[in-house]
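Containing mmCIF, C-alpha atoms: data_13.cif.
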data_query
#
loop_
_atom_site.label_atom_id
_atom_site.label_comp_id
_atom_site.auth_asym_id
_atom_site.auth_seq_id
_atom_site.Cartn_x
_atom_site.Cartn_y
_atom_site.Cartn_z
CA MET A 4 0.00 0.00 0.00
CA SER A 5 1.53 3.28 -1.03
CA SER A 6 2.04 6.11 1.42
CA GLU A 7 -0.10 8.34 -0.86
CA LEU A 8 -3.18 6.37 0.19
CA LEU A 9 -2.21 6.48 3.85
CA PRO A 10 -0.63 9.86 4.59
CA TYR A 11 1.92 10.48 7.34
CA THR A 12 3.18 6.91 7.61
CA VAL A 13 6.79 8.12 7.75
CA LYS A 14 6.84 11.84 8.50
CA PRO A 15 5.11 13.20 11.61
CA HIS A 16 1.62 14.61 11.16
CA PRO A 17 1.76 18.43 11.48
CA VAL A 18 -1.04 18.46 14.06
CA THR A 19 -0.23 15.45 16.25
CA GLY A 20 3.56 15.54 15.96
CA VAL A 21 3.86 11.77 15.37
CA TYR A 22 3.28 9.55 12.35
CA SER A 23 -0.33 8.38 12.20
CA GLY A 24 0.36 4.70 12.87
CA LYS A 25 2.08 5.50 16.16
CA LEU A 26 -0.80 7.64 17.41
CA GLY A 27 -3.21 4.88 16.37
CA VAL A 28 -1.29 2.26 18.33
CA TRP A 29 -1.12 4.50 21.41
CA LEU A 30 -4.90 5.02 21.28
CA PHE A 31 -5.37 1.26 20.89
CA LEU A 32 -3.06 0.64 23.87
CA ALA A 33 -5.06 3.16 25.93
CA SER A 34 -8.16 1.03 25.26
CA GLU A 35 -6.15 -2.06 26.21
CA VAL A 36 -5.19 -0.47 29.53
CA MET A 37 -8.90 -0.04 30.24
CA LEU A 38 -9.65 -3.65 29.20
CA PHE A 39 -7.00 -5.18 31.46
CA GLY A 40 -7.72 -2.52 34.11
CA ALA A 41 -11.34 -3.71 34.26
CA PHE A 42 -10.15 -7.26 34.94
CA PHE A 43 -7.68 -6.14 37.62
CA SER A 44 -10.51 -4.13 39.18
CA ALA A 45 -12.77 -7.21 39.07
CA TYR A 46 -9.96 -9.28 40.63
CA ILE A 47 -9.70 -6.88 43.59
CA LEU A 48 -13.49 -6.76 43.99
CA LEU A 49 -13.81 -10.57 43.93
CA LYS A 50 -10.90 -10.99 46.33
CA VAL A 51 -12.07 -8.56 49.00
CA GLY A 52 -15.65 -9.85 48.76
CA ALA A 53 -14.80 -13.58 48.86
CA PRO A 54 -15.90 -15.65 51.86
CA LEU A 55 -13.13 -16.49 54.33
CA GLU A 56 -14.14 -20.16 54.51
CA GLY A 57 -15.92 -22.77 52.43
CA PRO A 58 -15.50 -23.98 48.85
CA ALA A 59 -15.73 -20.48 47.34
CA HIS A 60 -13.05 -18.95 49.57
CA TRP A 61 -10.08 -17.19 48.01
CA PRO A 62 -7.30 -19.82 47.88
CA LEU A 63 -4.12 -19.18 49.82
CA HIS A 64 -0.90 -19.16 47.88
CA SER A 65 -0.14 -22.73 48.98
CA GLU A 66 -3.54 -23.91 47.71
CA ARG A 67 -3.13 -22.56 44.20
CA HIS A 68 -0.78 -25.30 42.88
CA MET A 69 1.16 -22.57 41.08
CA SER A 70 4.92 -22.48 40.99
CA TRP A 71 6.53 -19.06 41.19
CA MET A 72 9.50 -20.62 39.38
CA ILE A 73 7.38 -21.29 36.28
CA GLY A 74 5.82 -17.82 36.47
CA GLY A 75 9.23 -16.26 37.13
CA PHE A 76 10.81 -18.11 34.21
CA ASN A 77 8.01 -16.96 31.91
CA THR A 78 8.57 -13.39 33.15
CA LEU A 79 12.22 -13.75 32.14
CA VAL A 80 11.18 -15.10 28.73
CA LEU A 81 8.93 -12.08 28.09
CA ILE A 82 11.56 -9.58 29.31
CA ILE A 83 14.16 -11.10 26.93
CA SER A 84 11.58 -11.01 24.10
CA SER A 85 11.08 -7.28 24.77
CA VAL A 86 14.84 -6.76 24.42
CA THR A 87 15.00 -8.72 21.13
CA MET A 88 12.03 -6.69 19.85
CA VAL A 89 13.58 -3.31 20.65
CA MET A 90 16.95 -4.47 19.26
CA ALA A 91 15.21 -5.45 16.01
CA TRP A 92 14.01 -1.85 15.71
CA VAL A 93 17.54 -0.59 16.48
CA SER A 94 18.93 -2.87 13.73
CA LEU A 95 16.42 -1.49 11.22
CA LYS A 96 17.33 2.07 12.19
CA SER A 97 20.95 1.10 11.46
CA GLY A 98 19.94 -0.39 8.11
CA ASN A 99 20.69 -3.99 9.10
CA PHE A 100 17.62 -5.85 7.87
CA GLY A 101 19.15 -9.35 8.22
CA LYS A 102 19.92 -8.89 11.91
CA ALA A 103 16.49 -7.34 12.52
CA ARG A 104 14.79 -10.32 10.90
CA MET A 105 16.80 -12.71 13.09
CA LEU A 106 15.85 -10.75 16.23
CA LEU A 107 12.18 -10.71 15.22
CA GLY A 108 12.43 -14.50 14.76
CA ALA A 109 13.89 -14.78 18.27
CA THR A 110 10.97 -12.72 19.61
CA VAL A 111 8.47 -15.11 18.01
CA ALA A 112 10.38 -18.13 19.33
CA LEU A 113 10.31 -16.70 22.87
CA ALA A 114 6.60 -15.92 22.57
CA VAL A 115 5.90 -19.51 21.49
CA LEU A 116 8.03 -20.78 24.41
CA PHE A 117 5.95 -18.65 26.81
CA LEU A 118 2.69 -20.17 25.51
CA VAL A 119 4.05 -23.73 25.50
CA ILE A 120 5.16 -23.39 29.14
CA LYS A 121 1.86 -21.77 30.14
CA ILE A 122 -0.26 -24.47 28.50
CA THR A 123 1.77 -27.63 29.19
CA MET A 124 3.11 -26.83 32.66
CA GLU A 125 0.15 -24.91 34.07
CA TYR A 126 -3.19 -25.06 32.23
CA ILE A 127 -3.16 -28.82 31.52
CA PRO A 128 -1.97 -29.91 35.03
CA HIS A 129 -4.48 -27.50 36.64
CA TRP A 130 -7.30 -28.86 34.52
CA ARG A 131 -6.30 -32.45 35.38
CA ASP A 132 -6.37 -31.49 39.08
CA GLY A 133 -9.97 -30.35 38.63
CA LEU A 134 -9.10 -26.65 38.90
CA THR A 135 -11.32 -25.30 36.15
CA THR A 136 -13.13 -22.02 35.51
CA ASN A 137 -16.05 -23.38 37.59
CA THR A 138 -13.97 -24.22 40.67
CA SER A 139 -14.17 -20.78 42.28
CA ASN A 140 -14.06 -17.08 41.49
CA PHE A 141 -10.27 -17.14 41.82
CA TRP A 142 -9.88 -19.80 39.14
CA GLY A 143 -12.48 -18.07 36.97
CA ILE A 144 -10.62 -14.75 36.99
CA TYR A 145 -7.24 -16.54 36.76
CA TYR A 146 -8.17 -18.28 33.50
CA THR A 147 -9.84 -15.12 32.16
CA MET A 148 -6.87 -12.83 32.82
CA THR A 149 -4.10 -15.21 31.79
CA GLY A 150 -6.20 -16.43 28.83
CA LEU A 151 -6.75 -12.86 27.61
CA HIS A 152 -3.03 -12.21 28.00
CA GLY A 153 -2.29 -15.45 26.11
CA VAL A 154 -4.53 -14.32 23.25
CA HIS A 155 -2.51 -11.10 23.08
CA ILE A 156 0.71 -13.15 22.91
CA LEU A 157 -0.84 -15.14 20.05
CA GLY A 158 -1.80 -11.90 18.29
CA GLY A 159 1.80 -10.68 18.66
CA ILE A 160 3.12 -13.93 17.16
CA VAL A 161 0.84 -13.50 14.12
CA VAL A 162 1.79 -9.85 13.54
CA ILE A 163 5.56 -10.29 14.04
CA SER A 164 5.54 -13.42 11.84
CA TYR A 165 3.80 -11.41 9.12
CA PHE A 166 6.58 -8.80 9.22
CA ILE A 167 9.26 -11.52 9.08
CA GLY A 168 7.50 -13.15 6.10
CA PRO A 169 5.23 -11.49 3.51
CA GLY A 170 5.25 -8.08 5.21
CA SER A 171 9.04 -7.78 4.86
CA LYS A 172 8.66 -6.80 1.18
CA LEU A 173 7.92 -3.30 2.46
CA TRP A 174 11.54 -2.97 3.67
CA HIS A 175 12.79 -3.07 0.06
CA GLU A 176 10.13 -0.58 -1.12
CA ASN A 177 10.07 1.87 1.80
CA PRO A 178 12.52 1.07 4.65
CA GLU A 179 11.41 3.94 6.88
CA TYR A 180 7.77 2.91 6.66
CA TYR A 181 8.71 -0.70 7.51
CA THR A 182 10.84 0.50 10.46
CA ASN A 183 7.92 2.54 11.79
CA ARG A 184 5.61 -0.47 11.52
CA ILE A 185 8.10 -2.51 13.55
CA GLU A 186 8.20 0.28 16.13
CA CYS A 187 4.38 0.14 16.39
CA THR A 188 4.49 -3.66 16.71
CA GLY A 189 7.12 -3.20 19.41
CA LEU A 190 4.87 -0.81 21.34
CA TYR A 191 2.18 -3.49 21.38
CA TRP A 192 4.68 -6.21 22.35
CA HIS A 193 6.15 -4.22 25.25
CA PHE A 194 2.60 -3.57 26.49
CA VAL A 195 1.96 -7.34 26.56
CA ASP A 196 5.18 -7.69 28.61
CA LEU A 197 4.04 -4.85 30.89
CA VAL A 198 0.71 -6.57 31.63
CA TRP A 199 2.54 -9.76 32.61
CA ILE A 200 4.79 -7.75 34.96
CA PHE A 201 1.62 -7.01 36.99
CA LEU A 202 -0.03 -10.42 36.48
CA PHE A 203 2.98 -12.33 37.83
CA PRO A 204 3.02 -10.98 41.42
CA THR A 205 -0.79 -10.72 41.52
CA LEU A 206 -1.46 -14.36 40.63
CA TYR A 207 1.71 -16.20 41.64
CA LEU A 208 3.06 -14.44 44.70
CA MET A 209 0.26 -12.72 46.63
CA SER A 210 -1.89 -14.74 49.00
CA MET B 8 20.37 8.83 8.60
CA ALA B 9 23.83 9.03 10.20
CA ASP B 10 22.42 11.20 13.00
CA ALA B 11 19.55 8.77 13.52
CA HIS B 12 22.09 5.92 13.70
CA ALA B 13 24.12 7.76 16.34
CA ASP B 14 20.95 8.50 18.37
CA VAL B 15 19.84 4.88 18.30
CA SER B 16 23.32 3.63 19.26
CA LYS B 17 23.13 5.79 22.38
CA HIS B 18 19.82 4.13 23.26
CA VAL B 19 21.26 0.60 23.07
CA ARG B 20 23.29 1.03 26.27
CA VAL B 21 20.14 2.24 28.06
CA TYR B 22 18.20 -0.79 26.78
CA TRP B 23 20.75 -3.17 28.33
CA ILE B 24 20.71 -1.27 31.64
CA VAL B 25 16.89 -1.52 31.71
CA PHE B 26 17.12 -5.23 30.88
CA GLY B 27 19.40 -5.70 33.92
CA ALA B 28 17.07 -3.62 36.10
CA LEU B 29 14.06 -5.73 35.05
CA ILE B 30 15.89 -8.96 35.95
CA VAL B 31 16.89 -7.49 39.34
CA GLY B 32 13.29 -6.27 39.84
CA THR B 33 11.85 -9.72 39.09
CA THR B 34 14.31 -11.38 41.49
CA LEU B 35 13.47 -8.78 44.15
CA THR B 36 9.72 -9.41 43.67
CA VAL B 37 10.18 -13.13 44.35
CA VAL B 38 12.54 -12.57 47.32
CA VAL B 39 10.23 -10.01 48.97
CA ALA B 40 7.17 -12.26 48.44
CA ASN B 41 8.92 -15.09 50.31
CA ILE B 42 9.70 -12.93 53.36
CA ASP B 43 6.78 -12.51 55.76
CA LEU B 44 6.56 -8.75 56.29
CA GLY B 45 2.82 -8.77 56.92
CA HIS B 46 0.13 -8.99 54.25
CA THR B 47 -0.17 -5.25 53.58
CA THR B 48 3.60 -4.59 53.45
CA ASN B 49 4.16 -7.56 51.11
CA LEU B 50 1.31 -6.38 48.87
CA VAL B 51 2.50 -2.76 48.73
CA LEU B 52 6.13 -3.77 48.07
CA ALA B 53 5.15 -6.21 45.29
CA LEU B 54 3.00 -3.54 43.60
CA MET B 55 5.70 -0.88 43.99
CA ILE B 56 8.33 -3.11 42.36
CA ALA B 57 5.87 -4.03 39.56
CA ALA B 58 5.07 -0.31 39.05
CA ALA B 59 8.80 0.52 38.86
CA LYS B 60 9.38 -2.26 36.30
CA GLY B 61 6.32 -1.17 34.30
CA THR B 62 7.55 2.44 34.29
CA LEU B 63 10.94 1.34 32.94
CA VAL B 64 9.30 -0.67 30.13
CA ALA B 65 6.98 2.21 29.19
CA ALA B 66 9.64 4.94 29.46
CA ILE B 67 12.55 3.21 27.73
CA PHE B 68 11.35 0.28 25.60
CA MET B 69 8.19 2.13 24.53
CA HIS B 70 10.18 5.35 24.06
CA LEU B 71 7.88 7.50 26.21
CA LYS B 72 10.99 9.18 27.70
CA TRP B 73 11.66 10.70 24.26
CA GLU B 74 8.01 11.26 23.28
CA ARG B 75 7.15 14.93 22.76
CA SER B 76 3.74 14.62 21.07
CA ALA B 77 0.98 16.35 23.06
CA SER B 78 -1.60 14.09 21.38
CA VAL B 79 0.04 10.96 22.81
CA TRP B 80 0.44 12.47 26.29
CA ILE B 81 -3.16 13.79 26.40
CA SER B 82 -4.50 10.35 25.39
CA LEU B 83 -2.34 8.60 27.99
CA GLY B 84 -3.16 11.19 30.65
CA LEU B 85 -6.89 10.65 30.14
CA CYS B 86 -6.30 6.91 30.21
CA ALA B 87 -4.37 7.22 33.50
CA VAL B 88 -7.26 9.17 35.10
CA LEU B 89 -9.84 6.59 34.01
CA PHE B 90 -7.57 3.73 35.11
CA THR B 91 -7.30 5.30 38.56
CA VAL B 92 -11.11 5.49 38.75
CA LEU B 93 -11.31 1.84 37.72
CA MET B 94 -8.89 0.80 40.47
CA THR B 95 -10.70 2.92 43.06
CA LEU B 96 -14.13 1.44 42.30
CA PRO B 97 -13.64 -1.81 44.28
CA VAL B 98 -12.44 0.17 47.29
CA LEU B 99 -15.51 2.41 47.13
CA THR B 100 -17.99 -0.43 46.64
CA VAL B 101 -16.67 -3.08 49.01
CA ASN B 102 -18.20 -1.51 52.10
CA ASP B 103 -21.12 0.12 50.33
CA TYR B 104 -24.08 -1.39 52.20
CA PRO B 105 -27.30 0.32 53.16
CA PRO B 106 -27.49 1.64 56.73
CA GLY B 107 -28.20 -1.16 59.18
CA VAL B 108 -26.87 -3.93 56.93
CA LYS B 109 -23.64 -5.66 57.94
CA HIS B 110 -21.57 -7.84 55.61
CA ASP B 111 -20.47 -11.14 57.09
CA ARG B 112 -17.55 -12.80 55.28
CA THR B 113 -17.06 -15.60 57.79
CA GLY B 114 -19.71 -17.82 56.22
CA SER B 115 -19.27 -19.80 53.02
CA TRP B 116 -21.43 -19.29 49.96
CA ASP B 117 -23.42 -22.34 50.99
CA MET B 118 -24.69 -20.25 53.90
CA LEU B 119 -25.88 -17.27 51.85
CA PRO B 120 -27.15 -14.64 52.40
CA ALA B 121 -23.89 -13.32 53.84
CA THR B 122 -25.42 -9.94 54.61
CA THR B 123 -27.50 -9.53 57.74
CA VAL B 124 -29.80 -6.76 58.85
CA VAL B 125 -28.78 -5.42 62.23
CA GLU B 126 -31.80 -4.95 64.49
CA HIS B 127 -32.15 -1.47 65.92
CA GLU B 128 -32.16 -1.39 69.68
CA GLY B 129 -35.51 -0.34 71.05
CA GLY B 130 -37.10 -0.93 67.67
CA HIS B 131 -40.72 -0.44 66.72
#

Would you mind writing the file out in structure tokens?
Amino acid sequence: MSSELLPYTVKPHPVTGVYSGKLGVWLFLASEVMLFGAFFSAYILLKVGAPLEGPAHWPLHSERHMSWMIGGFNTLVLIISSVTMVMAWVSLKSGNFGKARMLLGATVALAVLFLVIKITMEYIPHWRDGLTTNTSNFWGIYYTMTGLHGVHILGGIVVISYFIGPGSKLWHENPEYYTNRIECTGLYWHFVDLVWIFLFPTLYLMS
Amino acid sequence: MADAHADVSKHVRVYWIVFGALIVGTTLTVVVANIDLGHTTNLVLALMIAAAKGTLVAAIFMHLKWERSASVWISLGLCAVLFTVLMTLPVLTVNDYPPGVKHDRTGSWDMLPATTVVEHEGGH
């Protein structure tokens, strides 16, 4: 798609001061803050209102069958993926497309690793233990929040893979436009990392 | 292009420092959570460390430190206000019962209703 059809894809818009794609992604991320914020708000409300005893009580940390080591390792995986993502943008700014592509590939690999760990070492064992969305409010909100985050990881994998594959043609036609699109993708990816930074202590460490 | 290259190269060192800080922050979160400092202290510390890590990601990796666009800052400012309202809502609603009604959390859901009407002394 040529930049004539979509104006201000490279140069900043005279009114907003940023290229249009970047402003669009920031507005989208603002809506994402409200989406995840609503779930964090619901989490607090459910927690403070939960009965202290009985089957619907809020489980203590020891009752959750969740290992902080798995959660901590996944945190590390996402932090490293944020670094590879930002370094890919740096490589493009320096004109090194090959290195950028390799770093984007590493980001996708780390994202896949995160999902594989989450599903095989947590979701499946929890489900086998009978800890499903129906077990209690805690497990309901746990699956909702981590599931929504997982869907965002999946979305990131699709978008980054597109820019490694068919979307990379743009680099040869308009390198600056391609670099800006990677910056926008990076903004989204760092936001996904940021959400996990709050999910990890909330779900794995706090009783 | 050469200037842009020089600018970006300066950022790289900052990115690695932030990477180190995020690893230290994550380790600190786990260590603090495993020390019994009381529920409230543990909670506040965990959230403070998470907020510090989140700020680093937003400021450096998401380039907000170098962002000068008023449009972006106005959007994010409005978002921050609404987010604060969203986080305050549970605090405002948790004890929001009509006069004379007391919430009892000691019972399980099998024993609902968990709210009881307190009889007025010297009632009608």

Residue list for chain A near chain B as a ChimeraX atom specification, 8 Å, all atoms listed in the file
/A:19-21,26,29-30,33-34,36-37,40-41,43-45,47-48,51-60,71,75,78-79,82-83,85-86,89-90,93,96-97,189-190,193-194,197,200-201,204,208-209

Just want the 8 Å neighbourhood of range 122-130 of chain A, counted on only C-alpha atoms, with same-chain residues fewer than 6 positions away dropped. Output as a PDB file with C-alpha atoms, in the frame of the given file.
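Saved file selection_14.pdb follows:
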ATOM      1  CA  HIS A  68      -0.780 -25.300  42.880  1.00  0.00           C
ATOM      2  CA  MET A  69       1.160 -22.570  41.080  1.00  0.00           C
ATOM      3  CA  ILE A  73       7.380 -21.290  36.280  1.00  0.00           C
TER       4      ILE A  73
END

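When the distance limit is 8 Å and only C-alpha atoms are what count, the residues near Gly24 in chain A, minus those fewer than 4 positions from it on the same chain, are A:Thr12, A:Val28, A:Asn183, A:Arg184, A:Cys187.
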
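Pairwise distance (CA of Ile163 in chain A, CA of Tyr11 in chain A) equals 22.1 Å.
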
What does the distance between CA of Leu44 in chain B and CA of Pro62 in chain A come to in Å, to one decimal place?
19.6 Å

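Taking CA of Val80 in chain A as the reference point, CA of Asp196 in chain A is found at 9.5 Å.
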
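Of the residues listed (A:Trp61, A:Ile160, A:Asn77, A:Val154), A:Asn77 shows the shortest atom-to-atom separation from Ile120 in chain A; distances use all atoms listed in the file.
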
Matched chain/residue IDs from the PyMOL selection byres ((chain A and resi 141-150) around 8), as an MDAnalysis selection string
chainID A and resid 39 42 46 49:50 61:62 134:140 151:154 202 206

Selection result for the PyMOL selection byres ((chain A and resi 174) around 12) on this file, as number ranges by chain
A: 95-96, 98-101, 103-104, 166-173, 175-185
